[in-house]
Structures are given as structure tokens and as C-alpha cells.
Amino acid sequence: MATPFLWKLSSQKLGFFLVSFGFIWGMMLLHFTIQQRASHESSAVLRQQILDLSKRYIKALAEENRSVMDGPYVGTMTAYDLKKTLAVLLDNIMLRLGKLESKVENIYNGTGGNLTNGTSTAAPSATNAEKVNVADLLNGAQEKCELPPLDGFPHCEGKLKGFKIAENAFSGGPLGELVQWSDLITTLYLLGHDVRISASLAELKEIMRRVMGNKSSCPTQGDKVVELIYIDIVGLTQFKKTLGPSWVHYQCMLRVLDSFGTEPEFNHAHYAQSKGHKTPWGKWNLNPQQFNTMFPHTPDNSFLGFVVEQHLNASDIKHIDDIKRQNQSLVYGKVDNFWKDKKKYLDIIHSYTEVHGTVHGTSTVHLPSYVKNHGILSGRDLQFLLRETKLFVGLSFPYEGPAPLEAIANGCAFLNPKFNPPKSSKNTDFFKGKPTLRELTSQHPYAEVYIGQPHVWTVDIENPAEVERALRSILSQKIEPYLPYEFTCEGMLQRVNAFIENQDFCHGQVMWPPLSALQVKLAEPGRSCKQVCQEDQLICEPSFFQHLNKDKDLARFRVDCQTVESSADTLVPAYSETRRHCIFQSDLLLFSCAGAHPSLKRICPCRDYMKGQVALCKGCL
């Protein structure tokens, strides 16, 4: 009897427990539902919460991965989750950009009203933003734009330094590379090409997905989604990393903007390694002519160049010739440190002319007291200053910048410091690590070789007598403005169009420049082909090396090869006159105009060039 009674009691307790639990659970659900309805949050509130959480998430992620190499898929939790977080942040950024665009449009149109699409945006208040004078902006005035503070994100500062190049360019930093990129993009557009610009890894991947989706198994044979890829050295590294092993299929499309040039000795990976070169910028195994330089200083590369333009409006141009030359000099040095240890040299110049400068910043400890410093000027103001100046003074640094050409184009003479011994990676820290052994004989070798007097005076600035002789000659004559054709808009359009139409690294060797331009020279031991051609007012043409790489080829130029051998070296083809022995090139990537053989005569392919257009031979068009 006891067993049924106990079972009945247990069942009653269990039933009571379940009923109580169900009642409590129901009340909690009801309370939660009522609470949710009562405190409905707007999308704006939720969005702000997501943004706040996203910022905290990225900060925590950065802290956890501070020692991990940067890249799109490295570290922990950096792929799918981070993409979703960034999507929200980017959406917020796009909204802000939309508001900014509307403000700019309103300012440009002279109104501070609402947007035409119905979205209301307040005009900038005079209390929290400077008023923008549209006329000044159109005339070249610069606004002060600064990056936001990086408080809480200490590991981002180093990665943002690369984005400050444009900002620094207007405060004494490098400007030449930015000038070349903008001129290239403009040139391609004016020539009628469909230009797509990739400024991020995401954009690069999007473009290359379309290219790699080409139905042809060979990217250079199917539908031409992309025909040429202009890129710089940093971008080339990202390009290779993004595409992986398949990047080799697109090598022939590349044109690499490379200010100081890449010589074949550094471009050829195995050869560079055998020579012990440890530069991070070489070993690409491209055709050396795919590297595009700012000046025609490396014949093995292609001279892309840039445009020296006037930052003047129509009214300025009408009156520019009315400006009278003053007895003044303008020193080429935007940074105070460039002036260090130059006072004796500048004292000589000051004894003949007033000395002016355009040094950025408040620190001017190295400027002599007699210098009138204008600070960093807008393009328009600099043009007017150059027009009233007689002498543009080099300080030995920076090397090979665009500014001397701009000064010469405005009628200034350029005092170009001579380097003896020449500067190179062997004796100058600035060039160490760069993929070239090129030797600079002056601050601006192009101006020294291709322009010369009366516009360019290359002098030893440590020799007071030589400096004074140059000054007296410059000040005793009237020097007219001069700009080589290759640095005009028309000259760059002509040159780039010729390259696009004739340079083809994808479908075998194309006979360009025409072989009729070939002039063969023999370089004595210790002389390079670049030097020998230049001495005869010619230029070394690496495309012609392949036509001088057999004994039958050389016989036409009275070079008698009794015995022959092959070698993978940058100093061949070469010839021993005593033994009548010829050494030919076994690796096409190692043909080079640079370098001198210590005991043999180098066989050099030279060509003529159009006056003011070094990149093109007289019969190239």
C-alpha cells in the first residue's frame, strides 16, 4: 500500500513544479515583449551602437595582432567577421562623403541651401569652419587638410605615413612622383583610353577578377578587359601578392613608374643574387624597358617623363611677360636642412644678387640672415616669383627634381652643383638599396647633358672662383625662357602614344625603334655603352642588342669574330681585338647599356634622337 501512495505524492509535486515553472516563464516572456515594445529603438540609435562596437572591435583586433604582418588575410579573425564590420563603417563614411559633396557643391554654386534630392544638410558655420573663397581656390590657393587624431589606435600611425605623401608634398616633401602620376593619368585620358584607377587592394582585386574571368586560357589573347597596367614598385609588390603565382601571366602588361630606374643587373633575380645585391626594389625579371623613369637617365628603361606646366589663368598669361627681372636669386631648397653648410657658397651669390627662399616651417636655423624667405608658395605665386628672378640656385640636394625645369621655363639660369667624384650607391646613403649603379655627375644630370649653357651652369660650388665666373656670365646676358619639347603637354602626349602603339612585350619582339636608326660603336675597356653613345650625341638603344648578338651580325660592321662563346652577363656582347674573340649574350634580360668591361670592348647599339624628344629616334614616328 505504501508504494502507490508515495508514487501519487511524487506525481503531485512534479505537476505543481511544472505548472509553477510554466507560469513564471510565461510572465517573463510577457514582460520582455512589453519592454521591447515600450523601448523600440530607432535605426539611427542601433546604427550608432553598431559603429561604437565596430570601433571597439577593430581596436581590440589591432591590439591582439600588433605583431602580425599586414595583409588582407593574416592574423586571427581578419576575414569574414572583419569584412562585415568594415562594411558598416564604410557605409557610414559614404554617407559623410555624400554630405561633404553637397557642401562643396553648395559652396561652389554660391548657396548654402538644402540638397536638391531633399536631404537636408546644413551649410558650414562660420564659427567652426573657415569660409572658402572659390576664386582663390581656382587660382591655386591651398586649404589646410589634416588627418584625424589617432588616439586609441597607436599601431595605425606607421601605416598611415604612406598616405601623407600628398600632404607633405606641399610642405617641402617629395612632389615629383605625384606630378608624374597625375600627368600620366591625364595623358592616357586625352589619348582616348578607358582609364580605370585602383587605389586599394579591394579595387585591384575587383579589376583583376574581371581580367582573370577572361574566357581565353591566355590573358593576353582573349577579350581585352585590360591591355596595360601602370603601377609603381610598391603597387607591384601588392599586385604579385594579390594574384599569387598567376601574376606571371600579366607581367608583359605592366609598366612600372620608377623614378630612379632599375638596371638589368638588379632586375634579373638570379643574376642580382649572384652579385650579392640585397635591394628590396629589384629582382622582378621584367623586360627592363617596362620600367618608366622621370628623366632619360637609364637607357635600359623607358623615359616616361612628366609635364612642366604653368599654374596661371588666362589673365596671368597676358601679363606674365610684363614682369621685370630683378637682381635676385631663388634658392632650390624647401627644407631648412638642405641649406646646412652652404653659407660660404650663398655668401658669394649674395654679393651679386638678393637671395630668396621658399623654405617650409618655422625652423630656419641654416638660412643666412640676408635670405628673404617666402615659405611654401602656391603654383601661381611661384611662377610670378620665378619670372622676376634671374638665377635659380642648386644646393646639391634634392637630386633630379622637376623644379629646375620649371625655373628654366620661366627664364631663370640654373646653377647646377657638380659632383666630383660622382654620387652613387657606392658612396651616397641616399642611393643605397636602389636598383641602380648609376653615377650622378651633378645635382641634375639631365639639365647638365641635354640643356646646358646658357640655361644651365654646372659648377663646383666648393670653388669660389668658378662660382663667380658663372655668376658674372649669367648676370651679363639676357636668358630667354626655354622648355624642352619632351616636357611640354604635346611632347608627353607624343611620347606616351608612341610607346603604347609600338612597345609590345606580350607577343614577341616588335621591330621598334626601326633598325635603320642603329649606329654601332665600340666602347674601349672601362667605358659603358651609355657613355660612348652619349659622347657622340646619341643614346644607347637596348632593343638593338639582339641584332648584334651573332658573328654574322657583327661582320656587317667589320667586327671579325674568329672564335665565339656565350655568357650570361650584363657586359656582353663584347669583343677582344687582339684575339678576335667575341662573347655573346645568352640571357636576353641581361642586355644592358650600363656597365663597363675591364678588358674587352663592349659592342654598343646607339641611335639618334629627335631634338627635345630623347625617347624617340628621328624615324620612330
# chains A, B, ... in the order shown; residues from 1 in each chain; ligands from 1
$ residues_around --residues "range 571-573 of chain A" --least-positions-apart "6" --cutoff "7 Å" --atoms "only C-alpha atoms" --output "PyMOL selection string"
chain A and resi 549+583-585+595-597+602-603
$ write_last_selection --atoms "C-alpha atoms" --output "mmCIF file, in the first residue's frame"
data_model
loop_
_atom_site.group_PDB
_atom_site.id
_atom_site.type_symbol
_atom_site.label_atom_id
_atom_site.label_comp_id
_atom_site.auth_asym_id
_atom_site.auth_seq_id
_atom_site.Cartn_x
_atom_site.Cartn_y
_atom_site.Cartn_z
ATOM 1 C CA ASN A 549 74.484 39.102 -80.830
ATOM 2 C CA ILE A 583 81.424 36.950 -76.351
ATOM 3 C CA PHE A 584 77.667 36.918 -76.922
ATOM 4 C CA GLN A 585 74.698 37.233 -74.596
ATOM 5 C CA GLY A 595 78.471 48.836 -67.044
ATOM 6 C CA ALA A 596 81.984 48.748 -68.486
ATOM 7 C CA HIS A 597 84.084 45.674 -69.238
ATOM 8 C CA ARG A 602 81.757 46.472 -75.471
ATOM 9 C CA ILE A 603 79.702 46.372 -78.685
#
$ select_by_dssp --residues "range 170-336 of chain A" --states "strand (DSSP E or B)" --output "list in words"
Ile229, Tyr230, Ile231, Asp232, Leu254, Arg255, Val256, Leu257, Phe291, Asn292, Thr293, Ser302, Phe303, Gln328, Ser329, Leu330, Val331 and Tyr332 of chain A
$ residues_around --residues "range 402-410 of chain A" --least-positions-apart "4" --cutoff "9 Å" --atoms "only C-alpha atoms" --output "tab-separated table (two decimals) with N, CA and C atoms, in the first residue's frame"
chain	number	residue	atom	x	y	z
A	175	LEU	N	57.49	65.85	-54.44
A	175	LEU	CA	56.35	66.18	-55.27
A	175	LEU	C	56.42	65.52	-56.64
A	176	GLY	N	57.65	65.17	-57.08
A	176	GLY	CA	57.85	64.68	-58.44
A	176	GLY	C	57.01	63.46	-58.78
A	179	VAL	N	53.44	64.39	-59.40
A	179	VAL	CA	53.32	65.09	-60.67
A	179	VAL	C	53.28	64.08	-61.82
A	294	MET	N	61.50	59.10	-64.67
A	294	MET	CA	61.14	60.51	-64.73
A	294	MET	C	62.02	61.28	-65.71
A	306	PHE	N	57.26	63.72	-67.49
A	306	PHE	CA	56.13	64.44	-66.90
A	306	PHE	C	55.99	65.76	-67.65
A	308	VAL	N	56.00	69.94	-67.44
A	308	VAL	CA	56.26	71.17	-66.70
A	308	VAL	C	55.22	72.18	-67.16
A	309	GLU	N	54.28	72.50	-66.30
A	309	GLU	CA	53.16	73.35	-66.69
A	309	GLU	C	53.18	74.67	-65.96
A	310	GLN	N	52.44	75.63	-66.52
A	310	GLN	CA	52.28	76.92	-65.88
A	310	GLN	C	50.98	76.93	-65.09
A	332	TYR	N	66.97	76.73	-54.47
A	332	TYR	CA	66.22	75.48	-54.64
A	332	TYR	C	66.40	74.64	-53.38
A	383	GLN	N	55.27	80.87	-59.88
A	383	GLN	CA	55.52	81.27	-61.27
A	383	GLN	C	55.90	82.74	-61.35
A	384	PHE	N	55.18	83.59	-60.63
A	384	PHE	CA	55.47	85.02	-60.67
A	384	PHE	C	56.83	85.32	-60.04
A	386	LEU	N	59.44	83.31	-59.97
A	386	LEU	CA	60.47	82.85	-60.92
A	386	LEU	C	60.61	83.84	-62.08
A	387	ARG	N	59.51	84.44	-62.50
A	387	ARG	CA	59.54	85.38	-63.62
A	387	ARG	C	60.34	86.65	-63.30
A	388	GLU	N	60.44	87.00	-62.04
A	388	GLU	CA	61.20	88.20	-61.68
A	388	GLU	C	62.59	87.84	-61.14
A	389	THR	N	62.96	86.55	-61.25
A	389	THR	CA	64.24	86.06	-60.72
A	389	THR	C	65.20	85.77	-61.88
A	391	LEU	N	68.33	83.98	-61.27
A	391	LEU	CA	69.15	82.79	-61.01
A	391	LEU	C	68.44	81.82	-60.07
A	392	PHE	N	68.38	80.57	-60.45
A	392	PHE	CA	67.83	79.50	-59.61
A	392	PHE	C	69.02	78.71	-59.09
A	393	VAL	N	69.17	78.65	-57.77
A	393	VAL	CA	70.40	78.16	-57.15
A	393	VAL	C	70.22	76.75	-56.60
A	394	GLY	N	71.01	75.80	-57.11
A	394	GLY	CA	71.01	74.44	-56.58
A	394	GLY	C	71.88	74.32	-55.35
A	414	PHE	N	70.01	78.18	-64.25
A	414	PHE	CA	70.10	77.23	-63.13
A	414	PHE	C	71.56	76.98	-62.79
A	416	ASN	N	73.91	74.64	-61.26
A	416	ASN	CA	73.80	73.20	-61.04
A	416	ASN	C	75.07	72.67	-60.38
A	444	HIS	N	71.60	67.70	-61.17
A	444	HIS	CA	70.59	67.47	-62.20
A	444	HIS	C	71.27	67.08	-63.52
A	447	ALA	N	69.65	68.23	-66.92
A	447	ALA	CA	69.88	69.63	-67.25
A	447	ALA	C	71.31	69.86	-67.71
A	455	HIS	N	71.41	78.19	-70.26
A	455	HIS	CA	70.34	77.97	-69.29
A	455	HIS	C	70.83	77.24	-68.03
A	456	VAL	N	71.84	76.39	-68.19
A	456	VAL	CA	72.33	75.56	-67.07
A	456	VAL	C	73.85	75.73	-66.96
A	480	GLU	N	66.50	83.81	-72.24
A	480	GLU	CA	65.10	83.62	-72.59
A	480	GLU	C	64.55	82.33	-71.96
A	481	PRO	N	63.27	82.30	-71.68
A	481	PRO	CA	62.66	81.05	-71.18
A	481	PRO	C	62.85	79.91	-72.17
A	482	TYR	N	63.09	78.72	-71.63
A	482	TYR	CA	63.28	77.54	-72.50
A	482	TYR	C	62.74	76.30	-71.82
A	483	LEU	N	62.01	75.50	-72.57
A	483	LEU	CA	61.48	74.24	-72.06
A	483	LEU	C	61.61	73.18	-73.14
A	484	PRO	N	62.37	72.11	-72.89
A	484	PRO	CA	62.49	71.03	-73.87
A	484	PRO	C	61.11	70.49	-74.25
A	487	PHE	N	59.05	67.87	-72.28
A	487	PHE	CA	58.39	68.18	-71.01
A	487	PHE	C	57.19	69.12	-71.18
$ residues_around --residues "Lys601 in chain A" --least-positions-apart "5" --cutoff "7 Å" --atoms "only C-alpha atoms" --output "PyMOL selection string"
chain A and resi 522-525+574-576
$ atom_distance --atom1 "CA of Ala470 in chain A" --atom2 "CA of Thr428 in chain A"
27.0 Å
$ atom_distance --atom1 "CA of Val307 in chain A" --atom2 "CA of Arg255 in chain A"
18.4 Å
$ residues_around --residues "Gln328 in chain A" --least-positions-apart "6" --cutoff "12 Å" --atoms "only C-alpha atoms" --output "VMD selection string"
chain A and resid 349 to 357 371 to 372 385 to 393 412 to 413 471 474 to 475
$ write_last_selection --atoms "N, CA and C atoms" --output "short mmCIF file (atom, residue, chain, number, x, y, z; two decimals), in the first residue's frame"
data_model
loop_
_atom_site.label_atom_id
_atom_site.label_comp_id
_atom_site.auth_asym_id
_atom_site.auth_seq_id
_atom_site.Cartn_x
_atom_site.Cartn_y
_atom_site.Cartn_z
N ILE A 349 76.97 84.30 -53.76
CA ILE A 349 75.79 84.65 -54.55
C ILE A 349 75.17 85.95 -54.02
N HIS A 350 75.14 86.09 -52.69
CA HIS A 350 74.57 87.29 -52.07
C HIS A 350 75.37 88.55 -52.43
N SER A 351 76.66 88.40 -52.70
CA SER A 351 77.48 89.56 -53.08
C SER A 351 77.13 90.07 -54.48
N TYR A 352 76.37 89.28 -55.24
CA TYR A 352 75.97 89.69 -56.59
C TYR A 352 74.45 89.96 -56.70
N THR A 353 73.64 89.25 -55.90
CA THR A 353 72.18 89.37 -56.01
C THR A 353 71.52 89.27 -54.64
N GLU A 354 70.26 89.69 -54.58
CA GLU A 354 69.44 89.36 -53.41
C GLU A 354 69.21 87.85 -53.42
N VAL A 355 69.04 87.27 -52.24
CA VAL A 355 68.82 85.83 -52.14
C VAL A 355 67.44 85.58 -51.52
N HIS A 356 66.61 84.82 -52.24
CA HIS A 356 65.28 84.48 -51.77
C HIS A 356 65.16 82.98 -51.56
N GLY A 357 64.22 82.57 -50.73
CA GLY A 357 63.99 81.14 -50.47
C GLY A 357 62.51 80.84 -50.32
N VAL A 371 68.60 86.15 -46.24
CA VAL A 371 67.66 85.46 -47.13
C VAL A 371 66.24 85.93 -46.86
N LYS A 372 65.53 86.27 -47.91
CA LYS A 372 64.11 86.63 -47.81
C LYS A 372 63.30 85.36 -48.08
N LEU A 385 57.17 84.61 -58.96
CA LEU A 385 58.47 84.81 -58.33
C LEU A 385 59.60 84.41 -59.27
N LEU A 386 59.44 83.31 -59.97
CA LEU A 386 60.47 82.85 -60.92
C LEU A 386 60.61 83.84 -62.08
N ARG A 387 59.51 84.44 -62.50
CA ARG A 387 59.54 85.38 -63.62
C ARG A 387 60.34 86.65 -63.30
N GLU A 388 60.44 87.00 -62.04
CA GLU A 388 61.20 88.20 -61.68
C GLU A 388 62.59 87.84 -61.14
N THR A 389 62.96 86.55 -61.25
CA THR A 389 64.24 86.06 -60.72
C THR A 389 65.20 85.77 -61.88
N LYS A 390 66.48 86.04 -61.67
CA LYS A 390 67.49 85.77 -62.70
C LYS A 390 68.18 84.42 -62.53
N LEU A 391 68.33 83.98 -61.27
CA LEU A 391 69.15 82.79 -61.01
C LEU A 391 68.44 81.82 -60.07
N PHE A 392 68.38 80.57 -60.45
CA PHE A 392 67.83 79.50 -59.61
C PHE A 392 69.02 78.71 -59.09
N VAL A 393 69.17 78.65 -57.77
CA VAL A 393 70.40 78.16 -57.15
C VAL A 393 70.22 76.75 -56.60
N CYS A 412 64.88 81.62 -65.89
CA CYS A 412 65.99 81.65 -64.93
C CYS A 412 67.15 80.81 -65.46
N ALA A 413 68.35 81.19 -65.09
CA ALA A 413 69.50 80.31 -65.27
C ALA A 413 69.60 79.42 -64.04
N LEU A 471 78.51 83.30 -62.24
CA LEU A 471 77.60 84.38 -61.87
C LEU A 471 77.77 85.59 -62.78
N ILE A 474 76.24 84.80 -66.20
CA ILE A 474 74.78 84.74 -66.15
C ILE A 474 74.18 86.14 -66.09
N LEU A 475 74.74 86.99 -65.22
CA LEU A 475 74.16 88.31 -64.99
C LEU A 475 74.47 89.29 -66.11
#
$ atom_distance --atom1 "CA of Gly282 in chain A" --atom2 "CA of Asn267 in chain A"
5.0 Å
$ residues_around --residues "Asp608 in chain A" --least-positions-apart "6" --cutoff "8 Å" --atoms "only C-alpha atoms" --output "PDB file with N, CA, C and O atoms, in the first residue's frame"
ATOM      1  N   ALA A 517      67.744  53.034 -87.567  1.00  0.00           N
ATOM      2  CA  ALA A 517      68.331  54.032 -86.657  1.00  0.00           C
ATOM      3  C   ALA A 517      69.605  53.531 -85.990  1.00  0.00           C
ATOM      4  O   ALA A 517      70.297  54.302 -85.312  1.00  0.00           O
ATOM      5  N   GLN A 537      76.574  62.367 -79.079  1.00  0.00           N
ATOM      6  CA  GLN A 537      75.233  62.954 -79.176  1.00  0.00           C
ATOM      7  C   GLN A 537      74.201  61.918 -79.635  1.00  0.00           C
ATOM      8  O   GLN A 537      73.255  62.224 -80.360  1.00  0.00           O
ATOM      9  N   LEU A 538      74.409  60.697 -79.183  1.00  0.00           N
ATOM     10  CA  LEU A 538      73.478  59.602 -79.465  1.00  0.00           C
ATOM     11  C   LEU A 538      72.996  59.021 -78.138  1.00  0.00           C
ATOM     12  O   LEU A 538      73.408  59.465 -77.067  1.00  0.00           O
ATOM     13  N   ILE A 539      72.132  58.018 -78.211  1.00  0.00           N
ATOM     14  CA  ILE A 539      71.659  57.358 -76.999  1.00  0.00           C
ATOM     15  C   ILE A 539      71.708  55.850 -77.228  1.00  0.00           C
ATOM     16  O   ILE A 539      71.461  55.357 -78.342  1.00  0.00           O
ATOM     17  N   CYS A 617      63.550  58.167 -81.741  1.00  0.00           N
ATOM     18  CA  CYS A 617      64.534  58.399 -82.793  1.00  0.00           C
ATOM     19  C   CYS A 617      63.900  59.242 -83.906  1.00  0.00           C
ATOM     20  O   CYS A 617      62.675  59.411 -83.954  1.00  0.00           O
ATOM     21  N   LYS A 618      64.720  59.764 -84.790  1.00  0.00           N
ATOM     22  CA  LYS A 618      64.207  60.652 -85.845  1.00  0.00           C
ATOM     23  C   LYS A 618      63.254  59.940 -86.792  1.00  0.00           C
ATOM     24  O   LYS A 618      62.390  60.565 -87.398  1.00  0.00           O
TER      25      LYS A 618
END
$ closest_residue --among "A:Trp284, A:Trp247, A:Phe239, A:Tyr345" --to "Glu265 in chain A" --atoms "only C-alpha atoms"
A:Trp284
$ residues_around --residues "Leu493 in chain A" --least-positions-apart "5" --cutoff "9 Å" --atoms "only C-alpha atoms" --output "list in words"
Thr187, Leu188, Leu190, Leu191, Thr488 and Ala498 of chain A
$ closest_residue --among "A:Phe591, A:Phe303, A:Trp457, A:Phe557" --to "Gln290 in chain A" --atoms "only C-alpha atoms"
A:Phe303
